[in-house]
Amino acid sequence: MIPPLVISDRGVTVIGGGTATPYDLQTALAVAPTLVAADGGADRALALGQPPDWVIGDLDSISPGAQRLIPAGRIHQVAEQDSTDFTKCLTRIAAPFVMAVGFAGLRLDHTLSALTTMAFTPRPFVILLTSDDVVFVAPPRLTLPLMPGTRVSLYPMGPARGISTGLEWPIEGIEFAPGGRVGTSNIANGVVTLRIEGKMLLMLPRSTLATVMTALRLPA
């Protein structure tokens, strides 16, 4: 087991090298104030005016300029190439949850890799922010008080099934799979309850972040 490097009783923000705005980063830091950069995410953090508290990764993409601006004791190199920098970060963080920004918008392969890491790294729990979405792995049971008409997308990361109430198109009896049935663009009729078996990503509008955090009982 990898010993944690970053320990927090609040959330931790992890920033990657993808698209991230000052608003994205400040939204994440408001609830997860420790900032960890995944390798080249350090350059993105500095460009947004926020030096990272830690840098973790294989250090093949952080610029020399960024390295000079960050104390050497706060840069943790993990040389192995069998995992992504995002995975290297998550496996070295002990915190109730992680807010992830900068993992979408530039390279699709990095985005797909980040989503896979979220689904198959059990701790810490991750909420991914994109320009339009809040993305997280659905827990076995969840109740979301959503406004009628809210988009609710479910995307399986393996075989999955579930039971729902409050969705325009109920999911009971559907065998979900990445190469088969998926549940994108469903619609909430109000309060949504979900019981999920398997790995299922839940994607909601960015405006629902506070609702999601409250429903997941995460410290804010």
# chains A, B, ... in the order shown; residues from 1 in each chain; ligands from 1
>>> residues_around(residues="A:His110", least_positions_apart="5", cutoff="12 Å", atoms="only C-alpha atoms", output="list of chain:residue names")
A:Gly16, A:Gly17, A:Gly18, A:Thr19, A:Ala38, A:Thr84, A:Asp85, A:Phe86, A:Thr87, A:Gly102, A:Phe103, A:Ala104, A:Gly105, A:Leu115, A:Thr116, A:Thr117
>>> write_last_selection(atoms="C-alpha atoms", output="PDB file, in the first residue's frame")
ATOM      1  CA  GLY A  16      -4.249  18.615 -14.664  1.00  0.00           C
ATOM      2  CA  GLY A  17      -2.864  20.233 -17.777  1.00  0.00           C
ATOM      3  CA  GLY A  18      -6.172  20.423 -19.643  1.00  0.00           C
ATOM      4  CA  THR A  19      -8.615  23.289 -19.953  1.00  0.00           C
ATOM      5  CA  ALA A  38      -0.563  16.368 -11.610  1.00  0.00           C
ATOM      6  CA  THR A  84      -1.068   8.056 -15.160  1.00  0.00           C
ATOM      7  CA  ASP A  85      -0.093  11.191 -13.261  1.00  0.00           C
ATOM      8  CA  PHE A  86      -3.705  11.493 -12.082  1.00  0.00           C
ATOM      9  CA  THR A  87      -3.522   7.985 -10.609  1.00  0.00           C
ATOM     10  CA  GLY A 102      -8.028  20.526 -15.887  1.00  0.00           C
ATOM     11  CA  PHE A 103      -8.680  16.963 -17.003  1.00  0.00           C
ATOM     12  CA  ALA A 104     -10.921  17.771 -19.971  1.00  0.00           C
ATOM     13  CA  GLY A 105     -10.978  20.100 -22.933  1.00  0.00           C
ATOM     14  CA  LEU A 115     -12.619   8.953 -16.154  1.00  0.00           C
ATOM     15  CA  THR A 116     -11.236   5.415 -16.037  1.00  0.00           C
ATOM     16  CA  THR A 117      -9.035   6.310 -13.075  1.00  0.00           C
TER      17      THR A 117
END
>>> residues_around(residues="A:Thr214", least_positions_apart="5", cutoff="12 Å", atoms="only C-alpha atoms", output="PyMOL selection string")
chain A and resi 31+142-146+208-209+219-220
>>> closest_residue(among="A:Cys89, A:Leu154, A:Met213, A:Ala188", to="A:Ile174", atoms="only C-alpha atoms")
A:Leu154
>>> residues_around(residues="stretch 161-168 of chain A", least_positions_apart="2", cutoff="7 Å", atoms="only C-alpha atoms", output="PyMOL selection string")
chain A and resi 170-172+174-176+186-198
>>> select_by_dssp(residues="stretch 32-158 of chain A", states="helix (DSSP H, G or I)", output="JSON, numbers by chain")
{"A": [41, 42, 43, 44, 45, 46, 47, 64, 65, 66, 67, 68, 69, 72, 73, 74, 85, 86, 87, 88, 89, 90, 108, 109, 110, 111, 112, 113, 114, 115, 116, 117, 118, 119, 120]}
>>> residues_around(residues="A:Leu216", least_positions_apart="5", cutoff="12 Å", atoms="only C-alpha atoms", output="PDB file with C-alpha atoms, in the first residue's frame")
ATOM      1  CA  PRO A  96     -12.619  12.750   2.118  1.00  0.00           C
ATOM      2  CA  PHE A  97     -12.793  13.717  -1.564  1.00  0.00           C
ATOM      3  CA  PHE A 125     -13.891   9.913  -3.977  1.00  0.00           C
ATOM      4  CA  VAL A 126     -13.501  12.182  -7.027  1.00  0.00           C
ATOM      5  CA  ILE A 127     -15.720  14.891  -8.461  1.00  0.00           C
ATOM      6  CA  PHE A 136     -18.595  11.350 -10.399  1.00  0.00           C
ATOM      7  CA  VAL A 137     -18.993   7.631  -9.841  1.00  0.00           C
ATOM      8  CA  ALA A 138     -22.497   6.892  -8.608  1.00  0.00           C
ATOM      9  CA  PRO A 139     -22.547   5.382  -5.112  1.00  0.00           C
ATOM     10  CA  PRO A 140     -24.784   2.355  -4.461  1.00  0.00           C
ATOM     11  CA  ARG A 141     -27.596   4.628  -3.213  1.00  0.00           C
ATOM     12  CA  LEU A 142     -28.156   8.308  -3.920  1.00  0.00           C
ATOM     13  CA  THR A 143     -30.962  10.842  -3.604  1.00  0.00           C
ATOM     14  CA  LEU A 144     -30.669  14.059  -5.628  1.00  0.00           C
ATOM     15  CA  PRO A 145     -33.209  16.878  -5.220  1.00  0.00           C
ATOM     16  CA  LEU A 209     -22.373  21.010  -7.746  1.00  0.00           C
ATOM     17  CA  ALA A 210     -23.668  22.192  -4.363  1.00  0.00           C
ATOM     18  CA  THR A 211     -26.633  19.800  -4.597  1.00  0.00           C
TER      19      THR A 211
END
>>> select_by_dssp(residues="chain A", states="strand (DSSP E)", output="NGL selection string")
:A and (6-7 or 12-15 or 34-38 or 54-57 or 75-77 or 93-94 or 97-101 or 125-129 or 133-137 or 141-145 or 151-167 or 183-205)
>>> residues_around(residues="stretch 59-75 of chain A", least_positions_apart="4", cutoff="10 Å", atoms="only C-alpha atoms", output="PyMOL selection string")
chain A and resi 17+36-47+51-55+79+85
>>> write_last_selection(atoms="N, CA, C and O atoms", output="CSV table (one decimal), in the first residue's frame")
chain,number,residue,atom,x,y,z
A,17,GLY,N,-3.3,19.3,-16.8
A,17,GLY,CA,-2.9,20.2,-17.8
A,17,GLY,C,-3.9,20.6,-18.8
A,17,GLY,O,-3.6,21.2,-19.8
A,36,VAL,N,-3.1,20.2,-5.4
A,36,VAL,CA,-2.1,19.2,-5.9
A,36,VAL,C,-2.1,19.3,-7.4
A,36,VAL,O,-3.1,19.2,-8.1
A,37,ALA,N,-0.9,19.5,-8.0
A,37,ALA,CA,-0.8,19.5,-9.5
A,37,ALA,C,-0.3,18.1,-10.0
A,37,ALA,O,0.7,17.6,-9.4
A,38,ALA,N,-1.0,17.6,-11.0
A,38,ALA,CA,-0.6,16.4,-11.6
A,38,ALA,C,0.5,16.7,-12.7
A,38,ALA,O,0.1,17.2,-13.8
A,39,ASP,N,1.7,16.7,-12.3
A,39,ASP,CA,2.8,16.9,-13.3
A,39,ASP,C,2.7,18.3,-14.0
A,39,ASP,O,2.7,19.3,-13.3
A,40,GLY,N,2.4,18.3,-15.3
A,40,GLY,CA,2.2,19.5,-16.0
A,40,GLY,C,1.1,20.4,-15.6
A,40,GLY,O,1.0,21.6,-16.0
A,41,GLY,N,0.2,19.9,-14.8
A,41,GLY,CA,-0.8,20.7,-14.2
A,41,GLY,C,-0.3,21.8,-13.4
A,41,GLY,O,-1.0,22.8,-13.1
A,42,ALA,N,1.0,21.7,-12.9
A,42,ALA,CA,1.7,22.8,-12.2
A,42,ALA,C,1.7,24.0,-13.1
A,42,ALA,O,1.5,25.2,-12.6
A,43,ASP,N,2.0,23.9,-14.4
A,43,ASP,CA,2.1,25.0,-15.3
A,43,ASP,C,0.7,25.7,-15.4
A,43,ASP,O,0.6,26.9,-15.4
A,44,ARG,N,-0.3,24.8,-15.5
A,44,ARG,CA,-1.7,25.3,-15.6
A,44,ARG,C,-2.1,26.1,-14.3
A,44,ARG,O,-2.6,27.2,-14.4
A,45,ALA,N,-1.7,25.6,-13.1
A,45,ALA,CA,-2.0,26.2,-11.9
A,45,ALA,C,-1.3,27.6,-11.8
A,45,ALA,O,-1.9,28.6,-11.4
A,46,LEU,N,-0.1,27.6,-12.2
A,46,LEU,CA,0.7,28.9,-12.1
A,46,LEU,C,0.1,29.9,-13.1
A,46,LEU,O,0.1,31.1,-12.8
A,47,ALA,N,-0.3,29.4,-14.3
A,47,ALA,CA,-0.9,30.3,-15.3
A,47,ALA,C,-2.2,31.0,-14.7
A,47,ALA,O,-2.5,32.1,-15.1
A,51,PRO,N,-0.1,29.0,-7.2
A,51,PRO,CA,1.0,28.0,-7.0
A,51,PRO,C,0.5,26.7,-6.3
A,51,PRO,O,-0.2,26.9,-5.3
A,52,PRO,N,0.8,25.6,-6.8
A,52,PRO,CA,0.3,24.3,-6.1
A,52,PRO,C,1.0,24.1,-4.8
A,52,PRO,O,2.2,24.5,-4.7
A,53,ASP,N,0.3,23.4,-3.9
A,53,ASP,CA,1.0,23.0,-2.6
A,53,ASP,C,1.9,21.8,-2.9
A,53,ASP,O,2.9,21.7,-2.2
A,54,TRP,N,1.5,21.0,-3.8
A,54,TRP,CA,2.3,19.8,-4.1
A,54,TRP,C,2.3,19.6,-5.6
A,54,TRP,O,1.3,19.9,-6.3
A,55,VAL,N,3.3,19.0,-6.2
A,55,VAL,CA,3.3,18.5,-7.5
A,55,VAL,C,3.7,17.0,-7.5
A,55,VAL,O,4.7,16.6,-6.8
A,79,ALA,N,8.6,7.8,-10.7
A,79,ALA,CA,9.2,7.5,-12.0
A,79,ALA,C,8.5,6.5,-12.8
A,79,ALA,O,8.6,6.4,-14.0
A,85,ASP,N,-0.4,10.2,-14.3
A,85,ASP,CA,-0.1,11.2,-13.3
A,85,ASP,C,-1.3,11.4,-12.3
A,85,ASP,O,-1.1,11.6,-11.1
>>> closest_residue(among="A:Ser153, A:Thr13, A:Gln50, A:Thr21", to="A:Pro33", atoms="only C-alpha atoms")
A:Thr13
>>> closest_residue(among="A:Lys199, A:Arg10, A:Arg151, A:Arg206", to="A:Ala95", atoms="only C-alpha atoms")
A:Arg10
>>> residues_around(residues="A:Pro205", least_positions_apart="5", cutoff="7 Å", atoms="only C-alpha atoms", output="PyMOL selection string")
chain A and resi 132-134+151
>>> closest_residue(among="A:Leu108, A:Leu128, A:Leu201, A:Leu48", to="A:Gln26", atoms="only C-alpha atoms")
A:Leu48
>>> closest_residue(among="A:Ile56, A:Val98, A:Ala20, A:Leu35", to="A:Leu218", atoms="only C-alpha atoms")
A:Val98
>>> closest_residue(among="A:Leu202, A:Ala94, A:Pro122, A:Leu112", to="A:Asp9", atoms="only C-alpha atoms")
A:Ala94
>>> atom_distance(atom1="atom CA of A:Asp58", atom2="atom CA of A:Met200")
29.2 Å
>>> decode(residues="stretch 66-88 of chain A", atoms="N, CA and C atoms", output="mmCIF file, in the first residue's frame")
data_model
loop_
_atom_site.group_PDB
_atom_site.id
_atom_site.type_symbol
_atom_site.label_atom_id
_atom_site.label_comp_id
_atom_site.auth_asym_id
_atom_site.auth_seq_id
_atom_site.Cartn_x
_atom_site.Cartn_y
_atom_site.Cartn_z
ATOM 1 N N ALA A 66 8.378 26.230 -14.285
ATOM 2 C CA ALA A 66 7.479 25.917 -13.179
ATOM 3 C C ALA A 66 8.236 25.249 -12.040
ATOM 4 N N GLN A 67 9.170 24.373 -12.373
ATOM 5 C CA GLN A 67 9.943 23.704 -11.326
ATOM 6 C C GLN A 67 10.731 24.698 -10.503
ATOM 7 N N ARG A 68 11.228 25.744 -11.134
ATOM 8 C CA ARG A 68 12.007 26.746 -10.404
ATOM 9 C C ARG A 68 11.137 27.555 -9.440
ATOM 10 N N LEU A 69 9.847 27.663 -9.741
ATOM 11 C CA LEU A 69 8.962 28.478 -8.918
ATOM 12 C C LEU A 69 8.356 27.717 -7.740
ATOM 13 N N ILE A 70 8.539 26.402 -7.713
ATOM 14 C CA ILE A 70 7.939 25.561 -6.675
ATOM 15 C C ILE A 70 9.043 24.971 -5.818
ATOM 16 N N PRO A 71 8.947 25.062 -4.496
ATOM 17 C CA PRO A 71 9.986 24.491 -3.632
ATOM 18 C C PRO A 71 10.237 23.024 -3.954
ATOM 19 N N ALA A 72 11.506 22.648 -4.021
ATOM 20 C CA ALA A 72 11.868 21.283 -4.408
ATOM 21 C C ALA A 72 11.240 20.245 -3.485
ATOM 22 N N GLY A 73 11.096 20.583 -2.205
ATOM 23 C CA GLY A 73 10.504 19.646 -1.254
ATOM 24 C C GLY A 73 9.037 19.390 -1.474
ATOM 25 N N ARG A 74 8.414 20.194 -2.340
ATOM 26 C CA ARG A 74 6.997 20.033 -2.646
ATOM 27 C C ARG A 74 6.765 19.353 -3.992
ATOM 28 N N ILE A 75 7.829 18.911 -4.624
ATOM 29 C CA ILE A 75 7.724 18.195 -5.901
ATOM 30 C C ILE A 75 8.087 16.741 -5.657
ATOM 31 N N HIS A 76 7.142 15.858 -5.905
ATOM 32 C CA HIS A 76 7.317 14.436 -5.609
ATOM 33 C C HIS A 76 7.314 13.654 -6.927
ATOM 34 N N GLN A 77 8.455 13.133 -7.281
ATOM 35 C CA GLN A 77 8.570 12.379 -8.536
ATOM 36 C C GLN A 77 8.248 10.912 -8.309
ATOM 37 N N VAL A 78 7.407 10.386 -9.186
ATOM 38 C CA VAL A 78 7.094 8.955 -9.213
ATOM 39 C C VAL A 78 7.495 8.471 -10.598
ATOM 40 N N ALA A 79 8.601 7.791 -10.679
ATOM 41 C CA ALA A 79 9.215 7.529 -11.975
ATOM 42 C C ALA A 79 8.501 6.458 -12.797
ATOM 43 N N GLU A 80 7.766 5.572 -12.156
ATOM 44 C CA GLU A 80 7.166 4.460 -12.920
ATOM 45 C C GLU A 80 6.201 4.971 -13.985
ATOM 46 N N GLN A 81 6.096 4.206 -15.060
ATOM 47 C CA GLN A 81 5.275 4.589 -16.206
ATOM 48 C C GLN A 81 4.041 3.714 -16.375
ATOM 49 N N ASP A 82 3.699 2.939 -15.344
ATOM 50 C CA ASP A 82 2.564 2.026 -15.447
ATOM 51 C C ASP A 82 1.241 2.668 -15.044
ATOM 52 N N SER A 83 1.276 3.897 -14.547
ATOM 53 C CA SER A 83 0.050 4.592 -14.159
ATOM 54 C C SER A 83 0.129 6.024 -14.635
ATOM 55 N N THR A 84 -1.029 6.663 -14.729
ATOM 56 C CA THR A 84 -1.068 8.056 -15.160
ATOM 57 C C THR A 84 -0.701 8.979 -13.990
ATOM 58 N N ASP A 85 -0.405 10.227 -14.322
ATOM 59 C CA ASP A 85 -0.093 11.191 -13.261
ATOM 60 C C ASP A 85 -1.297 11.409 -12.346
ATOM 61 N N PHE A 86 -2.501 11.355 -12.896
ATOM 62 C CA PHE A 86 -3.705 11.493 -12.082
ATOM 63 C C PHE A 86 -3.783 10.354 -11.070
ATOM 64 N N THR A 87 -3.529 9.127 -11.518
ATOM 65 C CA THR A 87 -3.522 7.985 -10.609
ATOM 66 C C THR A 87 -2.440 8.139 -9.550
ATOM 67 N N LYS A 88 -1.271 8.601 -9.965
ATOM 68 C CA LYS A 88 -0.179 8.815 -9.010
ATOM 69 C C LYS A 88 -0.606 9.796 -7.915
#
